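Asker: Take a look at entry_37.txt, compact mmCIF, C-alpha atoms (C1' of nucleotides):
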```txt
# COMPACT_ATOMS: atom_id res chain seq x y z
CA MET A 2 -70.30 -13.22 10.11
CA ASP A 3 -69.98 -13.03 13.83
CA GLU A 4 -72.91 -14.38 15.72
CA THR A 5 -71.84 -12.83 18.98
CA LEU A 6 -72.67 -9.47 17.52
CA GLY A 7 -76.16 -10.59 16.74
CA ILE A 8 -75.45 -10.63 13.07
CA LYS A 9 -77.57 -13.10 11.26
CA LYS A 10 -75.70 -16.01 9.84
CA LYS A 11 -76.20 -16.38 6.19
CA ARG A 12 -77.58 -19.59 4.90
CA PRO A 13 -75.11 -21.59 2.83
CA SER A 14 -75.81 -21.03 -0.80
CA ASN A 15 -79.01 -22.63 -1.90
CA TYR A 16 -78.84 -20.84 -5.14
CA ASP A 17 -79.40 -22.63 -8.39
CA LYS A 18 -78.02 -20.83 -11.37
CA ASP A 19 -80.93 -21.52 -13.69
CA SER A 20 -83.75 -20.88 -11.32
CA CYS A 21 -83.56 -18.51 -8.45
CA THR A 22 -86.79 -20.00 -7.20
CA ARG A 23 -84.85 -22.83 -5.60
CA ALA A 24 -83.59 -20.36 -3.06
CA TYR A 25 -85.80 -19.23 -0.26
CA CYS A 26 -85.69 -16.52 2.32
CA ILE A 27 -84.46 -17.46 5.80
CA GLU A 28 -86.29 -14.52 7.25
CA CYS A 29 -89.86 -15.01 6.08
CA GLY A 30 -89.66 -18.34 4.28
CA SER A 31 -90.83 -16.83 1.05
CA THR A 32 -89.61 -18.43 -2.15
CA ASP A 33 -90.16 -15.15 -3.92
CA VAL A 34 -86.53 -14.20 -4.25
CA ILE A 35 -84.88 -12.22 -6.97
CA CYS A 36 -81.41 -12.63 -8.32
CA ASP A 37 -79.79 -9.29 -8.91
CA GLU A 38 -76.82 -10.08 -11.07
CA ALA A 39 -75.67 -6.52 -11.33
CA ARG A 40 -75.34 -6.38 -7.57
CA GLY A 41 -74.16 -9.94 -7.19
CA GLU A 42 -76.87 -10.53 -4.63
CA ILE A 43 -79.94 -12.64 -4.06
CA ILE A 44 -82.63 -10.67 -2.35
CA CYS A 45 -85.99 -11.65 -0.87
CA ASN A 46 -88.69 -9.89 -2.79
CA LYS A 47 -91.00 -9.88 0.18
CA CYS A 48 -88.94 -8.63 3.08
CA GLY A 49 -85.77 -7.39 1.41
CA LEU A 50 -83.29 -9.65 3.17
CA VAL A 51 -80.05 -10.17 1.32
CA ILE A 52 -79.78 -13.93 1.25
CA GLU A 53 -76.58 -14.21 -0.69
CA GLU A 54 -74.04 -11.60 -1.58
CA HIS A 55 -70.69 -11.38 -3.35
CA MET A 56 -71.96 -13.88 -5.84
CA MET A 57 -69.70 -14.82 -8.67
CA ASP A 58 -70.75 -14.06 -12.17
CA LEU A 59 -70.99 -17.52 -13.70
CA GLY A 60 -72.29 -16.47 -17.07
CA PRO A 61 -70.28 -16.14 -20.25
CA GLU A 62 -68.29 -12.97 -20.53
CA TRP A 63 -69.96 -11.95 -23.72
CA ARG A 64 -73.55 -11.29 -24.32
CA SER A 65 -74.94 -12.92 -27.39
CA TYR A 66 -78.00 -11.54 -29.01
CA THR A 67 -78.65 -14.01 -31.79
CA ALA A 68 -78.35 -17.73 -32.14
CA GLU A 69 -75.55 -17.27 -34.62
CA GLU A 70 -73.61 -15.09 -32.27
CA ARG A 71 -74.13 -17.55 -29.49
CA LYS A 72 -72.59 -20.24 -31.60
CA LYS A 73 -69.64 -18.11 -32.49
CA ARG A 74 -69.05 -17.16 -28.92
CA SER A 75 -69.17 -20.58 -27.39
CA ARG A 76 -66.17 -21.00 -25.21
CA VAL A 77 -62.97 -22.65 -26.24
CA GLY A 78 -60.30 -22.88 -23.63
CA SER A 79 -60.20 -20.71 -20.58
CA PRO A 80 -62.01 -17.39 -20.60
CA VAL A 81 -60.16 -14.20 -21.34
CA ASN A 82 -59.22 -12.78 -18.02
CA TYR A 83 -58.78 -9.02 -17.90
CA SER A 84 -57.21 -9.13 -14.47
CA ILE A 85 -54.07 -10.76 -15.79
CA HIS A 86 -51.87 -8.24 -17.51
CA ASP A 87 -51.67 -10.12 -20.82
CA LYS A 88 -55.27 -11.32 -20.48
CA GLY A 89 -53.94 -14.82 -19.87
CA LEU A 90 -53.32 -15.26 -23.56
CA SER A 91 -49.58 -15.34 -24.03
CA THR A 92 -47.54 -18.45 -24.54
CA MET A 93 -44.31 -18.90 -22.72
CA ILE A 94 -41.31 -20.64 -24.10
CA GLY A 95 -40.81 -23.44 -21.61
CA PRO A 96 -37.91 -23.30 -19.18
CA GLU A 97 -36.50 -26.69 -20.07
CA ASP A 98 -34.17 -27.35 -22.92
CA LYS A 99 -36.25 -30.09 -24.42
CA ASP A 100 -38.15 -30.28 -27.62
CA PHE A 101 -41.74 -31.32 -28.23
CA TYR A 102 -40.86 -35.00 -27.84
CA GLY A 103 -38.91 -34.48 -24.65
CA LYS A 104 -35.55 -34.89 -26.32
CA LYS A 105 -32.65 -32.73 -25.30
CA LEU A 106 -31.91 -29.92 -27.68
CA ALA A 107 -28.75 -29.65 -29.69
CA PRO A 108 -26.37 -27.03 -28.24
CA SER A 109 -26.81 -24.59 -31.10
CA ARG A 110 -30.55 -24.85 -30.91
CA ARG A 111 -30.31 -24.43 -27.17
CA ALA A 112 -28.48 -21.15 -27.51
CA GLU A 113 -31.10 -19.96 -29.95
CA ILE A 114 -33.93 -20.82 -27.61
CA TYR A 115 -32.11 -19.11 -24.81
CA ARG A 116 -31.96 -15.91 -26.84
CA LEU A 117 -35.62 -16.18 -27.76
CA ARG A 118 -36.55 -16.68 -24.17
CA LYS A 119 -34.61 -13.64 -23.17
CA TRP A 120 -36.34 -11.51 -25.76
CA GLN A 121 -39.72 -12.82 -24.88
CA ARG A 122 -39.11 -11.90 -21.29
CA ARG A 123 -38.10 -8.42 -22.31
CA THR A 124 -40.91 -7.70 -24.70
CA ARG A 125 -43.57 -9.18 -22.51
CA THR A 126 -42.86 -7.40 -19.32
CA HIS A 127 -40.47 -4.66 -20.02
CA SER A 128 -42.50 -2.22 -22.02
CA SER A 129 -43.50 0.48 -19.61
CA ARG A 130 -47.19 -0.03 -20.16
CA GLU A 131 -46.98 -3.71 -19.39
CA ARG A 132 -44.94 -3.05 -16.31
CA ASN A 133 -47.50 -0.54 -15.20
CA LEU A 134 -50.30 -3.02 -15.77
CA ILE A 135 -48.58 -5.77 -13.86
CA GLN A 136 -48.17 -3.57 -10.84
CA ALA A 137 -51.65 -2.13 -11.14
CA LEU A 138 -53.36 -5.46 -11.46
CA SER A 139 -51.58 -6.92 -8.49
CA GLU A 140 -52.62 -3.89 -6.48
CA LEU A 141 -56.16 -4.35 -7.75
CA ASP A 142 -55.99 -7.95 -6.65
CA ARG A 143 -54.90 -6.99 -3.18
CA LEU A 144 -57.46 -4.23 -2.85
CA THR A 145 -60.43 -6.25 -4.02
CA SER A 146 -59.65 -9.21 -1.83
CA GLN A 147 -59.12 -6.96 1.16
CA MET A 148 -62.43 -5.25 0.58
CA GLY A 149 -64.32 -8.41 -0.30
CA ILE A 150 -65.29 -7.23 -3.74
CA PRO A 151 -66.66 -9.81 -6.17
CA ARG A 152 -64.62 -10.92 -9.12
CA SER A 153 -66.95 -9.51 -11.73
CA ILE A 154 -66.38 -6.02 -10.38
CA LYS A 155 -62.66 -6.58 -10.27
CA GLU A 156 -62.78 -7.45 -13.95
CA GLU A 157 -64.79 -4.32 -14.66
CA ALA A 158 -62.19 -2.27 -12.86
CA ALA A 159 -59.43 -3.92 -14.85
CA ILE A 160 -61.16 -3.05 -18.11
CA ILE A 161 -61.56 0.56 -17.03
CA TYR A 162 -57.94 0.69 -16.00
CA ARG A 163 -56.83 -0.49 -19.44
CA LYS A 164 -58.94 2.19 -21.07
CA ALA A 165 -57.51 4.86 -18.82
CA LEU A 166 -54.01 3.67 -19.55
CA GLU A 167 -54.65 3.82 -23.27
CA LYS A 168 -55.64 7.44 -22.92
CA ARG A 169 -52.41 8.09 -21.09
CA MET A 170 -54.19 9.06 -17.94
CA SER A 171 -51.60 7.70 -15.58
CA ARG A 172 -49.45 10.79 -15.77
CA GLY A 173 -49.36 12.86 -12.65
CA THR A 174 -50.83 10.23 -10.39
CA THR A 175 -49.55 7.06 -8.85
CA ILE A 176 -50.64 3.59 -9.80
CA GLU A 177 -52.21 3.12 -6.40
CA VAL A 178 -54.46 6.12 -6.80
CA MET A 179 -55.42 5.12 -10.33
CA VAL A 180 -56.33 1.61 -9.27
CA ALA A 181 -58.41 2.88 -6.40
CA ALA A 182 -60.25 5.30 -8.67
CA THR A 183 -61.04 2.65 -11.27
CA LEU A 184 -62.27 0.30 -8.57
CA TYR A 185 -64.49 3.00 -7.14
CA ALA A 186 -65.88 3.62 -10.61
CA ALA A 187 -66.46 -0.09 -11.21
CA CYS A 188 -68.40 -0.39 -7.96
CA ARG A 189 -70.54 2.56 -8.94
CA ILE A 190 -71.24 1.09 -12.35
CA ARG A 191 -72.23 -2.25 -10.92
CA LYS A 192 -74.54 -0.56 -8.41
CA ILE A 193 -72.75 -1.76 -5.33
CA PRO A 194 -71.16 1.54 -4.50
CA ARG A 195 -68.41 1.82 -1.93
CA THR A 196 -67.68 5.20 -0.43
CA LEU A 197 -64.57 7.12 -1.37
CA ASP A 198 -63.57 6.80 2.27
CA GLU A 199 -63.73 3.03 2.23
CA VAL A 200 -61.64 2.71 -0.89
CA ALA A 201 -59.14 5.29 0.33
CA GLU A 202 -58.75 3.57 3.70
CA ASN A 203 -58.07 0.20 2.17
CA SER A 204 -55.51 1.46 -0.28
CA ARG A 205 -53.65 3.78 2.08
CA ILE A 206 -54.12 6.86 -0.05
CA ASN A 207 -55.96 10.02 0.85
CA LYS A 208 -59.51 10.67 -0.10
CA LYS A 209 -58.79 13.95 -1.80
CA GLN A 210 -56.37 12.44 -4.29
CA LEU A 211 -58.80 9.64 -4.96
CA GLY A 212 -61.68 12.02 -5.59
CA GLN A 213 -59.61 14.13 -7.96
CA CYS A 214 -58.37 11.10 -9.85
CA PHE A 215 -61.87 9.71 -10.10
CA ARG A 216 -63.21 12.93 -11.58
CA GLN A 217 -60.41 12.99 -14.10
CA LEU A 218 -61.20 9.39 -14.93
CA VAL A 219 -64.82 10.23 -15.63
CA ARG A 220 -63.72 13.01 -17.92
CA THR A 221 -61.18 11.01 -19.92
CA ILE A 222 -63.00 7.77 -20.55
CA ASP A 223 -66.49 7.75 -21.93
CA VAL A 224 -68.21 5.36 -19.59
CA ALA A 225 -71.53 6.30 -18.12
CA ILE A 226 -71.23 6.15 -14.36
CA PRO A 227 -74.60 6.22 -12.68
CA ILE A 228 -75.24 8.44 -9.71
CA SER A 229 -75.29 6.35 -6.58
CA THR A 230 -78.62 6.41 -4.80
CA PRO A 231 -79.15 5.95 -1.07
CA ILE A 232 -80.98 2.71 -1.79
CA ASP A 233 -77.81 1.20 -3.23
CA PHE A 234 -76.23 1.44 0.21
CA ILE A 235 -79.06 0.07 2.29
CA SER A 236 -78.45 -3.66 2.01
CA ARG A 237 -74.76 -3.36 2.76
CA PHE A 238 -75.19 -1.06 5.74
CA SER A 239 -78.01 -3.09 7.25
CA ASN A 240 -75.93 -6.21 6.86
CA GLU A 241 -73.06 -4.58 8.66
CA LEU A 242 -75.39 -3.46 11.42
CA GLY A 243 -76.97 -6.88 11.72
CA LEU A 244 -80.42 -5.57 10.92
CA SER A 245 -83.14 -7.82 9.56
CA GLY A 246 -84.55 -7.66 6.07
CA LYS A 247 -87.67 -6.07 7.45
CA VAL A 248 -85.71 -3.03 8.53
CA SER A 249 -83.89 -2.60 5.25
CA GLY A 250 -87.14 -3.10 3.34
CA ARG A 251 -88.79 -0.41 5.35
CA ALA A 252 -85.80 1.87 4.98
CA ILE A 253 -86.04 1.50 1.21
CA LYS A 254 -89.71 2.44 1.33
CA ILE A 255 -88.88 5.50 3.38
CA LEU A 256 -86.27 6.53 0.84
CA GLU A 257 -88.67 6.03 -2.04
CA THR A 258 -91.27 8.28 -0.50
CA ALA A 259 -88.57 10.78 0.40
CA LYS A 260 -87.46 10.86 -3.20
CA LYS A 261 -91.01 11.51 -4.35
CA ALA A 262 -91.28 14.28 -1.80
CA GLY A 263 -88.18 15.78 -3.38
CA ILE A 264 -86.09 16.11 -0.27
CA THR A 265 -83.21 13.89 -1.33
CA ALA A 266 -81.66 16.11 -3.98
CA GLY A 267 -78.17 17.29 -3.28
CA LYS A 268 -77.84 15.30 -0.09
CA ASP A 269 -75.11 12.81 0.62
CA PRO A 270 -76.63 9.43 -0.27
CA THR A 271 -74.82 7.63 2.54
CA GLY A 272 -76.22 10.10 5.06
CA LEU A 273 -79.72 9.54 3.75
CA ALA A 274 -79.32 5.79 3.83
CA ALA A 275 -78.06 6.03 7.39
CA ALA A 276 -81.00 8.16 8.50
CA ALA A 277 -83.52 5.88 6.79
CA LEU A 278 -82.02 2.88 8.57
CA TYR A 279 -82.09 4.71 11.87
CA ILE A 280 -85.78 5.48 11.49
CA SER A 281 -86.82 2.06 10.29
CA GLY A 282 -84.73 0.52 13.05
CA ILE A 283 -86.80 2.38 15.59
CA LEU A 284 -90.07 1.58 13.81
CA GLU A 285 -89.26 -2.12 13.55
CA ASP A 286 -87.98 -2.32 17.10
CA GLU A 287 -84.40 -3.05 16.12
CA ARG A 288 -82.93 0.18 17.26
CA ARG A 289 -79.32 1.08 16.61
CA THR A 290 -77.70 4.17 18.02
CA GLN A 291 -76.89 7.11 15.82
CA ARG A 292 -73.24 6.50 16.54
CA GLU A 293 -73.29 2.91 15.31
CA ILE A 294 -75.07 3.86 12.13
CA ALA A 295 -72.86 6.85 11.55
CA ARG A 296 -69.81 4.62 11.85
CA VAL A 297 -70.84 2.10 9.19
CA ALA A 298 -72.12 4.83 6.87
CA ARG A 299 -68.93 6.84 7.44
CA VAL A 300 -70.73 10.06 8.18
CA THR A 301 -71.02 11.94 11.45
CA GLU A 302 -73.79 11.59 13.98
CA VAL A 303 -74.75 15.15 13.22
CA THR A 304 -75.48 14.29 9.61
CA VAL A 305 -77.51 11.24 10.58
CA ARG A 306 -79.42 13.44 12.96
CA ASN A 307 -80.09 16.20 10.46
CA ARG A 308 -81.29 13.81 7.76
CA TYR A 309 -83.40 11.93 10.22
CA LYS A 310 -85.04 15.12 11.45
CA GLU A 311 -85.78 16.18 7.89
CA LEU A 312 -87.25 12.83 6.94
CA VAL A 313 -89.46 12.63 10.01
CA LYS A 314 -90.66 16.18 9.54
CA ASN A 315 -91.32 16.00 5.81
CA LEU A 316 -92.82 12.55 5.63
CA GLN A 317 -94.85 12.83 8.80
CA ILE A 318 -93.44 9.64 10.23
CA ALA A 319 -94.54 9.08 13.77
CA VAL A 320 -91.47 8.05 15.70
CA ALA A 321 -91.94 7.20 19.33
CA VAL A 322 -89.37 9.26 21.21
C1' DA C 21 -72.92 6.90 31.84
C1' DA C 22 -74.51 6.63 27.31
C1' DG C 23 -77.22 8.54 23.92
C1' DA C 24 -79.48 12.34 21.71
C1' DC C 25 -79.68 17.12 20.61
C1' DG C 26 -78.38 21.56 18.63
C1' DA C 27 -75.37 25.65 18.09
C1' DA C 28 -71.30 27.52 16.09
C1' DA C 29 -67.32 27.60 13.44
C1' DG C 30 -64.55 25.36 9.89
C1' DT C 31 -63.77 22.63 5.39
C1' DG C 32 -63.89 21.32 0.55
C1' DG C 33 -66.61 21.20 -3.60
C1' DT C 34 -69.93 23.39 -6.86
C1' DT C 35 -71.92 27.17 -9.32
C1' DG C 36 -72.54 31.31 -11.74
C1' DA C 37 -70.90 35.87 -12.91
C1' DT Z 8 -60.87 33.14 -11.74
C1' DC Z 9 -63.25 34.23 -7.68
C1' DA Z 10 -66.84 34.85 -4.40
C1' DA Z 11 -71.15 33.04 -2.76
C1' DC Z 12 -73.27 29.02 -1.30
C1' DA Z 13 -75.04 24.52 0.36
C1' DA Z 14 -73.75 20.35 2.56
C1' DC Z 15 -71.03 18.18 5.71
C1' DT Z 16 -67.65 17.91 9.67
C1' DT Z 17 -65.72 18.96 14.18
C1' DT Z 18 -66.32 20.35 18.65
C1' DC Z 19 -68.67 21.11 22.69
C1' DG Z 20 -72.14 22.06 26.18
C1' DT Z 21 -76.73 20.53 27.64
C1' DC Z 22 -80.59 17.60 28.20
C1' DT Z 23 -82.75 12.84 28.52
C1' DT Z 24 -83.02 8.04 29.49
```
As structure tokens, please, write out the structure in this file.
Answerer:
Amino acid sequence: MDETLGIKKKRPSNYDKDSCTRAYCIECGSTDVICDEARGEIICNKCGLVIEEHMMDLGPEWRSYTAEERKKRSRVGSPVNYSIHDKGLSTMIGPEDKDFYGKKLAPSRRAEIYRLRKWQRRTRTHSSRERNLIQALSELDRLTSQMGIPRSIKEEAAIIYRKALEKRMSRGTTIEVMVAATLYAACRIRKIPRTLDEVAENSRINKKQLGQCFRQLVRTIDVAIPISTPIDFISRFSNELGLSGKVSGRAIKILETAKKAGITAGKDPTGLAAAALYISGILEDERRTQREIARVARVTEVTVRNRYKELVKNLQIAVAV
DNA sequence: AAGACGAAAGTGGTTGA
DNA sequence: TCAACAACTTTCGTCTT
């Protein structure tokens, strides 16, 4: 976070895993903060400030519903990691020609091990699916770290990718496009949506391809992908604009009333979020220009303007001009 | 000079016959 | 499959601060 831009510096994590109440809001001092695990964020319940974001998911990777299940699912060894192509489970034959006790192997045994090693190498990485996965997961790695996407979402994307691969969806598209589409889907599922534009920019593919691939993805795998609402974008945009929690809180209220008034249907959620932030910025005396807001929301000024006009008109918000 | 505004024409996706 | 359609974009001239 760059302080020269007036962006508020985030407090170092004061988050305690077992009780969110240890954390408090740096904006209003309230200890009434909620931990939104789906978003990977800690948010002040009072003013809406995002205190902590990109949180890691520290919980077990399985849910357990009964005591018995819990017992069964207690961890042994490292967790299964879906972002490694073989889920981190395979055993390698060691590279040295020594046995369990560290003794040198007899020449005949050595030749045998050499052959085994060769075959292991071939079967592990040389089936086309595995090769595909290796490439895809390294691309996913690069993309998520470039975009600052939390690990839990990366894992989600990896799972989706595996499913898509199983259904032979990779035909006709490149690995890059597929990875981008699964990541976009994972962000949507976890309620921290990124725009198609953002994902496309960071993976050097065009938006059209990405959109097409994403739609195909939705059709082929049966995962419910929620519709992204404008509210999902608010905290991220206001962070990027260096706006206080007050502004984002107010923007969320505006969007809620707008939804009740029924004027949000069919409109681009990012445009709506942008307009709501523009209005609440003015109301809370933290004005940003339409251009600035349009840039972070990746829409045009015209769209911000149109949405803002609609909101003001329909909700009878008095905006000092 | 920067920001806001609005008109007009163009674009890509959705919908319904 | 295709045309109609709504939403959004691009561009540009004008007005306001």
Asker: Chain A residues within 8 Å of chain Z, counting all atoms listed in the file: which ones, as a PyMOL selection string?
Answerer: chain A and resi 267-269+301+304
Asker: Kindly determine which residues of chain A lie within 9 Å of chain C, considering all atoms listed in the file, and give the answer as a list in words.
Answerer: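 That gives the following set of residues: Thr290, Gln291, Arg292 and Arg306 of chain A.
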Asker: Let me see the file: selected residues, C-alpha atoms, as a CSV table (one decimal), keeping the file's coordinate frame.
Answerer:
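Final output, again08.csv:
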```
chain,number,residue,atom,x,y,z
A,290,THR,CA,-77.7,4.2,18.0
A,291,GLN,CA,-76.9,7.1,15.8
A,292,ARG,CA,-73.2,6.5,16.5
A,306,ARG,CA,-79.4,13.4,13.0
```
Asker: Need the shell around region 158-160 of chain A: protein/DNA/RNA residues with any atom at most 12 Å away, counting only C-alpha atoms (C1' of nucleotides). Skip same-chain ones fewer than 5 positions apart. Format as a PyMOL selection string?
Answerer: chain A and resi 81-88+134-142+144-145+150-153+165-167+179-191+218+222+224
Asker: So how many Å separate CA of Cys29 (chain A) and CA of Leu50 (chain A), to one decimal?
Answerer: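 Interatomic distance, CA of Cys29 (chain A) to CA of Leu50 (chain A): 9.0 Å.
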Asker: Report, in Å with one decimal, the straight-line distance from CA of Lys155 (chain A) to CA of Cys45 (chain A).
Answerer: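 Going from CA of Lys155 (chain A) over to CA of Cys45 (chain A) covers 25.7 Å.
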Asker: State, in Å with one decimal place, the distance from CA of Arg172 (chain A) to CA of Arg205 (chain A).
Answerer: 19.6 Å
